[in-house]
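Chemist: Okay, handing you the structure first.
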Amino acid sequence: MIRFLLLQNRQGKTRTAKYYVPMDDDEKHQLEFEVHRLVVNRDPKFTNFAEFRNHKIIYRRYAGLFFSLCVDVNDNELALLEAIHLFVEVLDHYFSNVCELDLVFNFHKVYQVIDEFILAGEIQETSKKQIMERLYELEKIKD
Amino acid sequence: MSLPDLPSMKDMPSLSSIGSSAAEGAKGVYTAANNVKLFQKNLRDMITGIRAAKDKQKDYMNKCLQDIRAEVVSSDIRTKAVAIEKATYLHSLGYNMNWASFHVVELMSTDNVKYKRVGYLAATQSFGDDTDVVLLIPNLLKKDLASPNPAEAALAIACLGNIVTPELSQTLVADVYSLLNNHKPDLRRRACLCLYKCFLRYPEALRPSFARLTECLEDDDQGVVQAAVTVLSELAMHNPKTYLPLAPKFYKLLTTSSSNWMTIKLVKVFGVLTPLEPRLAKKLVGPLGEILETTSAKSLLYECIRTIVAGMTSQEKIVRQAVDKLKDMLNDTDPNIKFLALHALTFLLESHPRIVAEHKGNIYGCIEHEDSNIQYCALKIVRGLVTKKTLMDTTALLMGAMGKSEQRFRDELVWSVIHICMNDRYALVTDFVWYLTVLADLVRVPSSSHGSLVGDQLVDICLRVEVVRESAVAILKPLLLDPSLLERSESNATVPEALKAIAWIVGEYAQYVADHDAVIAALSHPNVANLPAPVQAVYVQSLLKVYASAVSMHAGSVRPAPEMPAPVLAAHEQLEGMYVDPEMPKSSPVPMTASLHRLGEKIRTNVAPFCKSLHLEVRERGCQLKTILDMTFAAEAETPGEGVALMEAFAVVLSEEIQPVSLKAQRKVEPAPELLLTAPLSKEWDGLLLSSDDEGSDDEAPDRKKKKKGKGKEDRSVTELFTQKKSKEQIAREEAEAREMLQRHREKMGQYYLGGEVPEAKEKKKKKKKGDAEALPEPEPEPELPLYMQQSMAGGKMARPTIKGEDDSSDDEYAPKSKGGGSGKFKSKIDAAELHAGLGTYDPLKPLGRGEEMPSVEAYPTFDPYANEPGGPPTNAFAVGAYRGKDKKKKKDSKKKDSKKDSKKKDSKGEKKEANNADKKEKKAPKADEGKVKKEKKEKTAKTEKKESKSKDKKESKSKSDKAAKKLSKVSIGEA
């Protein structure tokens, strides 16, 4: 189960944070700080996994952004790395060539994408095409 | 500021009334409301503004927050939505938005999906278990879950999946459950996933919904099947035994699945099921073998391998196949793949060490990999693979790796080397001299944090393995002589701990020291003062030992041969004889040589600073040493040979060997036959025995009080005996007796006593407390042993050198030490086990009991979750007549608040408005009541015991929801 998902830049600013377990704000901030410190110091040549408290962080860096997932220890690391990549692909497609500012100004849309992709801590849809279709559908409703 | 897309003319009339109703009542809001705002910053403006206001971001954001507070109370839904969106953004930057939670709920309840989405996003992000408005949203969510618009239902599910609380789950799980039958596969899938979260927070829901959940495994839509597999695999992960009966279904899916994601989940489930059911392993060989051969997805491949190594180790063929794949993975350039391959190999260490050993070369290489995950994992395997034969090579490898690795891993390496060797009572070590050299090298490892561990090992080896002592002194001497180790620096942080052991060993086995001058110079080096006090103390003590040994060696060499075997046993008498009768005839006095004299003088001068040390122990030992030397030289000056004899006597005493003593040694001592443990100690205590015997019958007697009253003096209760006041005389006498007894004991068992008066002091304390220790046979004092001695005592003969204590009882082993250096486990709220704890007790496969079925879901709005509540007002916050003025106290409160605001604004209309409101409510209330009565009748017939208990729970939460209702009423007042 995914416990939380974080998008952070190199400076440690959290761009997107989605928590699937109950936590209060203070604890969330503490986590964000710790996770950033953990991933930012890792060399690109290192593995993309790190122990974190009683769980593990699977992270991947895209340009200046770190995509981190906190998952249970027995979850499949490679599958989750693929999931992160899929998520980035969807973002890229949705914002057509995504950059950090897209995520800042459209933060609500990012959450929308996440909701179509992950639900209640589990990956619900693994087809990029399906997710995109669904997102376009939602766009239509909006306008 | 750009012109927003929202015209704000409509806002004007409503804004005027905000001042009186805003719950926050903050002055900022108040003024902002007066200055009618024509323009509203939209989200983009605000974000641009924040980014532009580089230095004054905080001020800018605070200002934005103020604006938002004013805007959020607007009756125009668009203004409100933009405000909430902005607040959500600020929340993501760390600003609290609990104050807005009520407006969020309002926004969630609008009909327009566009605004509803904003509300839901804000709720998902900012609501937590302790948000009080959560009590207001069950009906809202209920309505949206059942909404014909799938987008709304999806929103509600996603939100519920994030913010679900036990209460929400209890109220809404039935609605989510009913979505499993929705004709839209998309919603079925979402509902399925959301159910898992509901189970986590409200485990009772698992059993009634389980049957339907398993049916989802046969759904027409692959997405739903995948979701069901996901949920069931999560459930099975934490409680695999219960889900074993589902194995055939999983198996069928595994053979037919076309989605890798789902196959991964299925293989993972089998990973926890196969250890419980060996027959499954046999069955899985086929499908897993096929996947291993055909799949191109590394993730799936890895999952298969993990399942194989975790639970199917009995199937040699497939293990081979998996290991072949692992070989490729080990050679992969991607560190992730490499790490996972190593990780999988660690599972095989127990069952197939040989197969793992085949990849030794590769694994050894990984120890020097730049990533610490890989290093640690490889090290773990190396530790597991070590045998007697490979011990030296492996150690050499690990020692070699220390030079290249960074600090933390180096520590881990040091720890590993020591633990490989010391494990299982040095089972792997055959050559202890070699081990000593390894330990000596480990002392020099810079910035090591294991100095004390190395020290303990050194002492332990020297104590237990007699034959290595001579070599030990030779090996360790260079360390003692090395002045660089005495320097106080970061890299020497724990070296003193090891030096302490080394100094002790060199002192204790000083008879093996060849070069006394150098050793004494090293022990009394001025830089010794840099060391911690306990280490200095050991150094000073060792000085005496080494000097005494030097003198006695000299004397021994000069003296004629026959006297060489000194009667060690007579050591005590000899020493006592020295003091009692200094004129005791000596065999043949040996005068001190000039060099020994020089040496003693050197110690005397060097030890002087220690005599002024601030540390008591060091100072005391320094002064002692100085006095002894003074005495020796004085005696020597008087009669040549006298001082040498004195020193020799010291040497004999000091050379008495310390033996390792087992913790259990005490148990092996037979009690003396004249010791009567059961005989009464004195007549005075007969009463004590009597009353304690009577206690059982005392308890049974119904008229205990009376009995107690009538009790004679002789059968006083135990407590009385203990609390009674004693005369001073008596106490003094008891104390004197105890002291005397202690003295006697001390004489007898002197060797077990350490210096100082500690045991006696303890005894005194005990006495004062209880006053009953009199004449009780003293428990033999636990010999105070250093840790390394706590093992064992007798020695066993083996091919390798005798290790004292090796064959001692098996159960006082080294306690399994937790890994050194590892960070303390953080007790986190997000612990999986904790979240999952409730679910374990529910076996979903057992037939349902009475009252366990899922409550039926009625269409909104006839459902009233509070209908069961006897006599209470409908607290359904979203029913129109929810709030009636019944609770007078509360109304008063709200009136007070209102009147405060009124007085501020001096609005005379305020009260009238409120009165109007109350009227309106009362008109609506009867309607609601009618509905409620009908409902109650209906419900009563269907009511089960379970529901009753539920209603009790709700009663408790009533007070909370009352509060929320109060809040609601305030706003409705404002809007009227």
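Following the order of the structure tokens, chains are lettered A, B, ..., residues in each are numbered from 1, and ligands are numbered from 1.
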Residues of chain B within 7 Å of chain A, counting only C-alpha atoms - could you list those as a ChimeraX atom specification?
Modeler: /B:44,47,114,128-129,158,161-162,193-194,197,227,299,303,335-336,371,825-826,830-831
Chemist: Which residues are close to range 600-612 of chain B, i.e. within 7 Å by only C-alpha atoms, leaving aside same-chain residues fewer than 5 positions away? Reply as a list of chain:residue names.
Modeler: B:Ser524, B:Val618, B:Arg619, B:Gly622, B:Cys623, B:Lys626, B:Leu629
Chemist: Could you write out the selected residues, including N, CA, C and O atoms, as a short mmCIF file (atom, residue, chain, number, x, y, z; two decimals), in the first residue's frame?
Modeler:
data_model
loop_
_atom_site.label_atom_id
_atom_site.label_comp_id
_atom_site.auth_asym_id
_atom_site.auth_seq_id
_atom_site.Cartn_x
_atom_site.Cartn_y
_atom_site.Cartn_z
N SER B 524 53.13 5.82 31.40
CA SER B 524 53.16 7.06 32.17
C SER B 524 53.41 8.28 31.28
O SER B 524 53.83 9.32 31.75
N VAL B 618 41.58 8.31 39.68
CA VAL B 618 42.92 8.45 39.16
C VAL B 618 43.84 8.97 40.25
O VAL B 618 44.95 8.46 40.47
N ARG B 619 43.36 9.96 40.95
CA ARG B 619 44.15 10.59 42.00
C ARG B 619 44.52 9.58 43.08
O ARG B 619 45.66 9.48 43.50
N GLY B 622 46.99 7.11 41.83
CA GLY B 622 48.27 7.78 41.65
C GLY B 622 48.99 7.92 42.98
O GLY B 622 50.17 7.58 43.11
N CYS B 623 48.23 8.41 43.99
CA CYS B 623 48.84 8.61 45.31
C CYS B 623 49.29 7.29 45.89
O CYS B 623 50.38 7.19 46.48
N LYS B 626 52.40 6.20 44.30
CA LYS B 626 53.51 7.03 44.74
C LYS B 626 53.96 6.59 46.13
O LYS B 626 55.16 6.44 46.40
N LEU B 629 55.86 3.34 46.06
CA LEU B 629 57.23 3.51 45.57
C LEU B 629 58.10 4.16 46.64
O LEU B 629 59.24 3.75 46.87
#
Chemist: Work out how far apart CA of Pro166 in chain B and CA of Lys116 in chain B are and give it in Å to one decimal.
Modeler: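 Pair CA of Pro166 in chain B / CA of Lys116 in chain B returns 23.9 Å.
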Chemist: Name the residues of range 2-143 of chain A that come out as strand (DSSP E) in a backbone DSSP run; write them as a tab-separated table (two decimals) with all heavy atoms, in the first residue's frame.
Modeler:
chain	number	residue	atom	x	y	z
A	2	ILE	N	0.49	2.19	-0.80
A	2	ILE	CA	1.23	3.45	-0.84
A	2	ILE	C	0.78	4.30	0.36
A	2	ILE	O	-0.41	4.51	0.56
A	2	ILE	CB	0.95	4.21	-2.15
A	2	ILE	CG1	1.43	3.37	-3.32
A	2	ILE	CG2	1.62	5.57	-2.15
A	2	ILE	CD1	0.96	3.86	-4.65
A	3	ARG	N	1.73	4.74	1.14
A	3	ARG	CA	1.38	5.53	2.31
A	3	ARG	C	1.32	7.01	2.00
A	3	ARG	O	0.45	7.71	2.49
A	3	ARG	CB	2.37	5.26	3.42
A	3	ARG	CG	1.87	4.13	4.22
A	3	ARG	CD	2.79	3.14	4.68
A	3	ARG	NE	2.05	1.89	4.76
A	3	ARG	CZ	1.19	1.61	5.76
A	3	ARG	NH1	1.01	2.43	6.73
A	3	ARG	NH2	0.55	0.48	5.75
A	4	PHE	N	2.23	7.46	1.21
A	4	PHE	CA	2.11	8.83	0.72
A	4	PHE	C	2.94	9.02	-0.53
A	4	PHE	O	3.81	8.21	-0.85
A	4	PHE	CB	2.47	9.87	1.78
A	4	PHE	CG	3.83	9.72	2.36
A	4	PHE	CD1	4.95	10.19	1.69
A	4	PHE	CD2	4.01	9.13	3.60
A	4	PHE	CE1	6.21	10.07	2.23
A	4	PHE	CE2	5.28	9.00	4.16
A	4	PHE	CZ	6.37	9.47	3.47
A	5	LEU	N	2.60	10.07	-1.23
A	5	LEU	CA	3.30	10.40	-2.47
A	5	LEU	C	3.76	11.84	-2.35
A	5	LEU	O	3.00	12.71	-1.93
A	5	LEU	CB	2.32	10.22	-3.63
A	5	LEU	CG	2.76	10.57	-5.05
A	5	LEU	CD1	1.94	9.75	-6.02
A	5	LEU	CD2	2.56	12.04	-5.39
A	6	LEU	N	5.00	12.10	-2.69
A	6	LEU	CA	5.52	13.46	-2.58
A	6	LEU	C	6.20	13.87	-3.88
A	6	LEU	O	6.90	13.07	-4.50
A	6	LEU	CB	6.56	13.55	-1.47
A	6	LEU	CG	6.10	13.41	-0.03
A	6	LEU	CD1	7.29	13.51	0.90
A	6	LEU	CD2	5.08	14.47	0.32
A	7	LEU	N	5.96	15.09	-4.27
A	7	LEU	CA	6.72	15.69	-5.36
A	7	LEU	C	7.48	16.86	-4.76
A	7	LEU	O	6.86	17.81	-4.28
A	7	LEU	CB	5.78	16.22	-6.44
A	7	LEU	CG	5.52	15.32	-7.65
A	7	LEU	CD1	4.74	14.11	-7.23
A	7	LEU	CD2	4.75	16.10	-8.69
A	8	GLN	N	8.79	16.77	-4.79
A	8	GLN	CA	9.58	17.84	-4.18
A	8	GLN	C	10.67	18.27	-5.13
A	8	GLN	O	11.19	17.46	-5.90
A	8	GLN	CB	10.24	17.32	-2.89
A	8	GLN	CG	9.24	17.00	-1.81
A	8	GLN	CD	9.89	16.25	-0.66
A	8	GLN	OE1	10.61	15.28	-0.87
A	8	GLN	NE2	9.62	16.69	0.55
A	9	ASN	N	11.01	19.54	-5.06
A	9	ASN	CA	12.14	19.97	-5.89
A	9	ASN	C	13.42	19.86	-5.08
A	9	ASN	O	13.41	19.46	-3.92
A	9	ASN	CB	11.90	21.37	-6.45
A	9	ASN	CG	11.91	22.43	-5.39
A	9	ASN	OD1	12.22	22.15	-4.23
A	9	ASN	ND2	11.58	23.65	-5.76
A	14	THR	N	7.91	21.29	-1.30
A	14	THR	CA	6.99	20.23	-1.66
A	14	THR	C	5.95	20.78	-2.62
A	14	THR	O	5.23	21.71	-2.30
A	14	THR	CB	6.31	19.67	-0.41
A	14	THR	OG1	7.32	19.26	0.50
A	14	THR	CG2	5.44	18.50	-0.75
A	15	ARG	N	5.90	20.23	-3.80
A	15	ARG	CA	4.95	20.71	-4.81
A	15	ARG	C	3.63	19.97	-4.71
A	15	ARG	O	2.58	20.55	-4.92
A	15	ARG	CB	5.55	20.52	-6.21
A	15	ARG	CG	6.75	21.39	-6.49
A	15	ARG	CD	6.46	22.82	-6.18
A	15	ARG	NE	7.56	23.70	-6.54
A	15	ARG	CZ	7.66	24.95	-6.17
A	15	ARG	NH1	6.74	25.49	-5.38
A	15	ARG	NH2	8.68	25.69	-6.54
A	16	THR	N	3.70	18.72	-4.45
A	16	THR	CA	2.48	17.94	-4.31
A	16	THR	C	2.70	16.93	-3.20
A	16	THR	O	3.76	16.34	-3.11
A	16	THR	CB	2.19	17.16	-5.61
A	16	THR	OG1	2.18	18.07	-6.69
A	16	THR	CG2	0.86	16.45	-5.54
A	17	ALA	N	1.70	16.80	-2.37
A	17	ALA	CA	1.79	15.81	-1.30
A	17	ALA	C	0.44	15.15	-1.15
A	17	ALA	O	-0.57	15.83	-1.03
A	17	ALA	CB	2.20	16.47	0.00
A	18	LYS	N	0.44	13.86	-1.21
A	18	LYS	CA	-0.83	13.16	-1.06
A	18	LYS	C	-0.63	12.06	-0.03
A	18	LYS	O	0.27	11.22	-0.17
A	18	LYS	CB	-1.20	12.55	-2.42
A	18	LYS	CG	-2.54	11.91	-2.47
A	18	LYS	CD	-3.59	12.88	-2.90
A	18	LYS	CE	-4.93	12.18	-3.03
A	18	LYS	NZ	-5.99	13.14	-3.25
A	19	TYR	N	-1.44	12.09	1.02
A	19	TYR	CA	-1.29	11.12	2.10
A	19	TYR	C	-2.47	10.17	2.12
A	19	TYR	O	-3.62	10.61	2.05
A	19	TYR	CB	-1.17	11.83	3.45
A	19	TYR	CG	0.08	12.64	3.54
A	19	TYR	CD1	0.13	13.96	3.09
A	19	TYR	CD2	1.24	12.10	4.07
A	19	TYR	CE1	1.28	14.70	3.15
A	19	TYR	CE2	2.40	12.82	4.15
A	19	TYR	CZ	2.42	14.13	3.69
A	19	TYR	OH	3.58	14.85	3.76
A	49	PHE	N	15.95	3.14	-3.92
A	49	PHE	CA	15.18	2.73	-2.75
A	49	PHE	C	15.92	3.16	-1.49
A	49	PHE	O	17.14	3.14	-1.47
A	49	PHE	CB	14.99	1.21	-2.70
A	49	PHE	CG	14.91	0.56	-4.05
A	49	PHE	CD1	15.77	-0.46	-4.39
A	49	PHE	CD2	13.98	1.00	-4.97
A	49	PHE	CE1	15.70	-1.05	-5.63
A	49	PHE	CE2	13.91	0.41	-6.22
A	49	PHE	CZ	14.77	-0.62	-6.56
A	50	ALA	N	15.17	3.51	-0.50
A	50	ALA	CA	15.81	3.85	0.77
A	50	ALA	C	14.88	3.46	1.89
A	50	ALA	O	13.66	3.60	1.78
A	50	ALA	CB	16.09	5.35	0.83
A	51	GLU	N	15.47	2.97	2.95
A	51	GLU	CA	14.65	2.65	4.12
A	51	GLU	C	14.16	3.94	4.75
A	51	GLU	O	14.89	4.92	4.81
A	51	GLU	CB	15.48	1.87	5.14
A	51	GLU	CG	15.46	0.39	4.92
A	51	GLU	CD	16.34	-0.32	5.93
A	51	GLU	OE1	16.25	0.04	7.11
A	51	GLU	OE2	17.09	-1.21	5.52
A	52	PHE	N	12.95	3.90	5.21
A	52	PHE	CA	12.42	5.10	5.85
A	52	PHE	C	11.49	4.67	6.97
A	52	PHE	O	10.44	4.08	6.73
A	52	PHE	CB	11.66	5.93	4.83
A	52	PHE	CG	11.12	7.20	5.39
A	52	PHE	CD1	11.97	8.23	5.72
A	52	PHE	CD2	9.77	7.35	5.62
A	52	PHE	CE1	11.48	9.41	6.25
A	52	PHE	CE2	9.26	8.52	6.15
A	52	PHE	CZ	10.12	9.55	6.46
A	55	HIS	N	9.13	1.77	6.80
A	55	HIS	CA	8.71	1.55	5.42
A	55	HIS	C	9.88	1.80	4.50
A	55	HIS	O	11.00	1.87	4.93
A	55	HIS	CB	7.55	2.48	5.09
A	55	HIS	CG	6.45	2.41	6.09
A	55	HIS	ND1	5.58	1.36	6.11
A	55	HIS	CD2	6.12	3.20	7.13
A	55	HIS	CE1	4.74	1.53	7.12
A	55	HIS	NE2	5.05	2.63	7.75
A	56	LYS	N	9.57	1.94	3.23
A	56	LYS	CA	10.66	2.31	2.35
A	56	LYS	C	10.19	3.37	1.37
A	56	LYS	O	9.00	3.46	1.05
A	56	LYS	CB	11.21	1.08	1.64
A	56	LYS	CG	10.23	0.36	0.76
A	56	LYS	CD	10.84	-0.92	0.24
A	56	LYS	CE	9.83	-1.71	-0.57
A	56	LYS	NZ	10.25	-3.08	-0.81
A	57	ILE	N	11.14	4.13	0.93
A	57	ILE	CA	10.86	5.18	-0.04
A	57	ILE	C	11.36	4.69	-1.39
A	57	ILE	O	12.51	4.25	-1.51
A	57	ILE	CB	11.60	6.48	0.33
A	57	ILE	CG1	11.13	7.01	1.67
A	57	ILE	CG2	11.46	7.51	-0.78
A	57	ILE	CD1	9.88	7.81	1.62
A	58	ILE	N	10.49	4.76	-2.38
A	58	ILE	CA	10.91	4.50	-3.75
A	58	ILE	C	10.86	5.86	-4.43
A	58	ILE	O	9.81	6.50	-4.44
A	58	ILE	CB	9.92	3.56	-4.47
A	58	ILE	CG1	9.54	2.38	-3.59
A	58	ILE	CG2	10.48	3.13	-5.81
A	58	ILE	CD1	10.58	1.36	-3.41
A	59	TYR	N	11.97	6.32	-4.93
A	59	TYR	CA	11.96	7.66	-5.51
A	59	TYR	C	12.60	7.64	-6.88
A	59	TYR	O	13.34	6.71	-7.24
A	59	TYR	CB	12.68	8.63	-4.58
A	59	TYR	CG	14.17	8.48	-4.62
A	59	TYR	CD1	14.96	9.27	-5.45
A	59	TYR	CD2	14.79	7.49	-3.87
A	59	TYR	CE1	16.32	9.11	-5.51
A	59	TYR	CE2	16.14	7.32	-3.92
A	59	TYR	CZ	16.91	8.12	-4.74
A	59	TYR	OH	18.25	7.94	-4.80
A	60	ARG	N	12.32	8.66	-7.60
A	60	ARG	CA	12.95	8.79	-8.90
A	60	ARG	C	13.05	10.28	-9.18
A	60	ARG	O	12.15	11.04	-8.86
A	60	ARG	CB	12.08	8.12	-9.96
A	60	ARG	CG	12.84	7.81	-11.20
A	60	ARG	CD	12.18	6.64	-11.88
A	60	ARG	NE	12.87	6.32	-13.10
A	60	ARG	CZ	12.68	5.21	-13.76
A	60	ARG	NH1	11.83	4.32	-13.32
A	60	ARG	NH2	13.33	4.99	-14.88
A	61	ARG	N	14.16	10.65	-9.79
A	61	ARG	CA	14.36	12.07	-10.03
A	61	ARG	C	14.13	12.38	-11.50
A	61	ARG	O	14.65	11.70	-12.38
A	61	ARG	CB	15.78	12.44	-9.64
A	61	ARG	CG	16.04	13.89	-9.72
A	61	ARG	CD	17.44	14.17	-9.26
A	61	ARG	NE	17.87	15.41	-9.88
A	61	ARG	CZ	19.02	15.99	-9.63
A	61	ARG	NH1	19.86	15.43	-8.80
A	61	ARG	NH2	19.33	17.12	-10.23
A	62	TYR	N	13.30	13.36	-11.75
A	62	TYR	CA	13.08	13.83	-13.12
A	62	TYR	C	13.45	15.30	-13.14
A	62	TYR	O	12.79	16.11	-12.48
A	62	TYR	CB	11.62	13.65	-13.54
A	62	TYR	CG	11.26	12.21	-13.76
A	62	TYR	CD1	10.80	11.44	-12.72
A	62	TYR	CD2	11.38	11.64	-15.02
A	62	TYR	CE1	10.47	10.11	-12.91
A	62	TYR	CE2	11.06	10.30	-15.22
A	62	TYR	CZ	10.61	9.55	-14.16
A	62	TYR	OH	10.29	8.24	-14.35
A	65	LEU	N	13.00	17.53	-10.10
A	65	LEU	CA	11.90	17.10	-9.23
A	65	LEU	C	12.10	15.66	-8.76
A	65	LEU	O	12.45	14.78	-9.55
A	65	LEU	CB	10.58	17.18	-9.98
A	65	LEU	CG	9.80	18.47	-9.90
A	65	LEU	CD1	8.46	18.30	-10.58
A	65	LEU	CD2	9.60	18.91	-8.47
A	66	PHE	N	11.85	15.47	-7.47
A	66	PHE	CA	11.89	14.11	-6.92
A	66	PHE	C	10.47	13.61	-6.74
A	66	PHE	O	9.66	14.26	-6.10
A	66	PHE	CB	12.60	14.11	-5.57
A	66	PHE	CG	14.07	14.34	-5.67
A	66	PHE	CD1	14.60	15.61	-5.52
A	66	PHE	CD2	14.92	13.28	-5.93
A	66	PHE	CE1	15.95	15.82	-5.62
A	66	PHE	CE2	16.28	13.49	-6.03
A	66	PHE	CZ	16.80	14.75	-5.87
A	67	PHE	N	10.21	12.47	-7.30
A	67	PHE	CA	8.93	11.81	-7.09
A	67	PHE	C	9.17	10.69	-6.10
A	67	PHE	O	9.90	9.75	-6.40
A	67	PHE	CB	8.40	11.22	-8.40
A	67	PHE	CG	7.97	12.26	-9.40
A	67	PHE	CD1	8.89	13.08	-10.02
A	67	PHE	CD2	6.62	12.41	-9.71
A	67	PHE	CE1	8.48	14.04	-10.93
A	67	PHE	CE2	6.21	13.37	-10.61
A	67	PHE	CZ	7.14	14.18	-11.23
A	68	SER	N	8.58	10.81	-4.92
A	68	SER	CA	8.83	9.79	-3.89
A	68	SER	C	7.54	9.11	-3.49
A	68	SER	O	6.52	9.77	-3.27
A	68	SER	CB	9.44	10.42	-2.65
A	68	SER	OG	10.44	11.33	-3.00
A	69	LEU	N	7.61	7.81	-3.38
A	69	LEU	CA	6.48	7.03	-2.88
A	69	LEU	C	6.94	6.34	-1.61
A	69	LEU	O	8.01	5.75	-1.58
A	69	LEU	CB	6.07	5.95	-3.87
A	69	LEU	CG	5.36	6.34	-5.15
A	69	LEU	CD1	5.14	5.10	-6.00
A	69	LEU	CD2	4.04	6.99	-4.84
A	70	CYS	N	6.13	6.41	-0.57
A	70	CYS	CA	6.44	5.65	0.64
A	70	CYS	C	5.54	4.42	0.65
A	70	CYS	O	4.32	4.55	0.59
A	70	CYS	CB	6.19	6.48	1.88
A	70	CYS	SG	6.49	5.57	3.39
A	71	VAL	N	6.14	3.26	0.67
A	71	VAL	CA	5.34	2.03	0.55
A	71	VAL	C	5.75	1.03	1.62
A	71	VAL	O	6.74	1.21	2.32
A	71	VAL	CB	5.55	1.38	-0.83
A	71	VAL	CG1	5.00	2.25	-1.92
A	71	VAL	CG2	7.01	1.06	-1.06
A	118	ILE	N	-4.07	6.73	-8.65
A	118	ILE	CA	-3.98	6.01	-7.38
A	118	ILE	C	-5.26	6.27	-6.60
A	118	ILE	O	-5.73	7.41	-6.57
A	118	ILE	CB	-2.79	6.52	-6.54
A	118	ILE	CG1	-1.49	6.32	-7.31
A	118	ILE	CG2	-2.71	5.80	-5.21
A	118	ILE	CD1	-0.30	6.98	-6.65
A	119	LEU	N	-5.79	5.25	-5.99
A	119	LEU	CA	-6.97	5.46	-5.17
A	119	LEU	C	-6.78	4.74	-3.84
A	119	LEU	O	-6.44	3.55	-3.82
A	119	LEU	CB	-8.21	4.92	-5.88
A	119	LEU	CG	-9.51	5.38	-5.22
A	119	LEU	CD1	-10.43	6.01	-6.23
A	119	LEU	CD2	-10.21	4.25	-4.51
A	122	GLU	N	-3.78	2.56	-3.44
A	122	GLU	CA	-3.50	1.48	-4.38
A	122	GLU	C	-3.55	2.03	-5.80
A	122	GLU	O	-4.35	2.93	-6.10
A	122	GLU	CB	-4.53	0.36	-4.24
A	122	GLU	CG	-4.61	-0.26	-2.86
A	122	GLU	CD	-3.38	-1.08	-2.53
A	122	GLU	OE1	-2.57	-1.35	-3.44
A	122	GLU	OE2	-3.22	-1.43	-1.34
A	123	ILE	N	-2.73	1.47	-6.64
A	123	ILE	CA	-2.77	1.90	-8.03
A	123	ILE	C	-4.03	1.34	-8.67
A	123	ILE	O	-4.28	0.14	-8.63
A	123	ILE	CB	-1.50	1.41	-8.75
A	123	ILE	CG1	-0.32	2.20	-8.22
A	123	ILE	CG2	-1.64	1.58	-10.24
A	123	ILE	CD1	1.00	1.64	-8.53
Chemist: Would you pick out the contacts of Val454 in chain B at 7 Å or less, using only C-alpha atoms, so that residues sharing its chain but fewer than 5 positions from it are not included, and give the list as a list in words?
Modeler: Leu439, Val443 and Ala498 of chain B
Chemist: Determine the nearest neighbour of Val98 in chain A from the options A:Val110, A:Val39, A:Leu135, A:Gln30, counting only C-alpha atoms.
Modeler: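 Ranked by minimum distance to Val98 in chain A, first place goes to A:Val110.
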Chemist: Write out as a PDB file with C-alpha atoms, in the first residue's frame each polymer residue whose atoms come within 8 Å of Glu368 in chain B, counting only C-alpha atoms; drop sequence neighbours fewer than 4 positions from it.
Modeler:
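Just written: selection34.pdb:
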ATOM      1  CA  TYR B 364      32.293  -9.746  -2.775  1.00  0.00           C
ATOM      2  CA  GLN B 375      26.897  -2.716   0.374  1.00  0.00           C
ATOM      3  CA  ALA B 401      37.117  -2.846   2.183  1.00  0.00           C
ATOM      4  CA  LYS B 404      37.720   2.501   0.822  1.00  0.00           C
ATOM      5  CA  SER B 405      34.336   2.792   2.447  1.00  0.00           C
TER       6      SER B 405
END
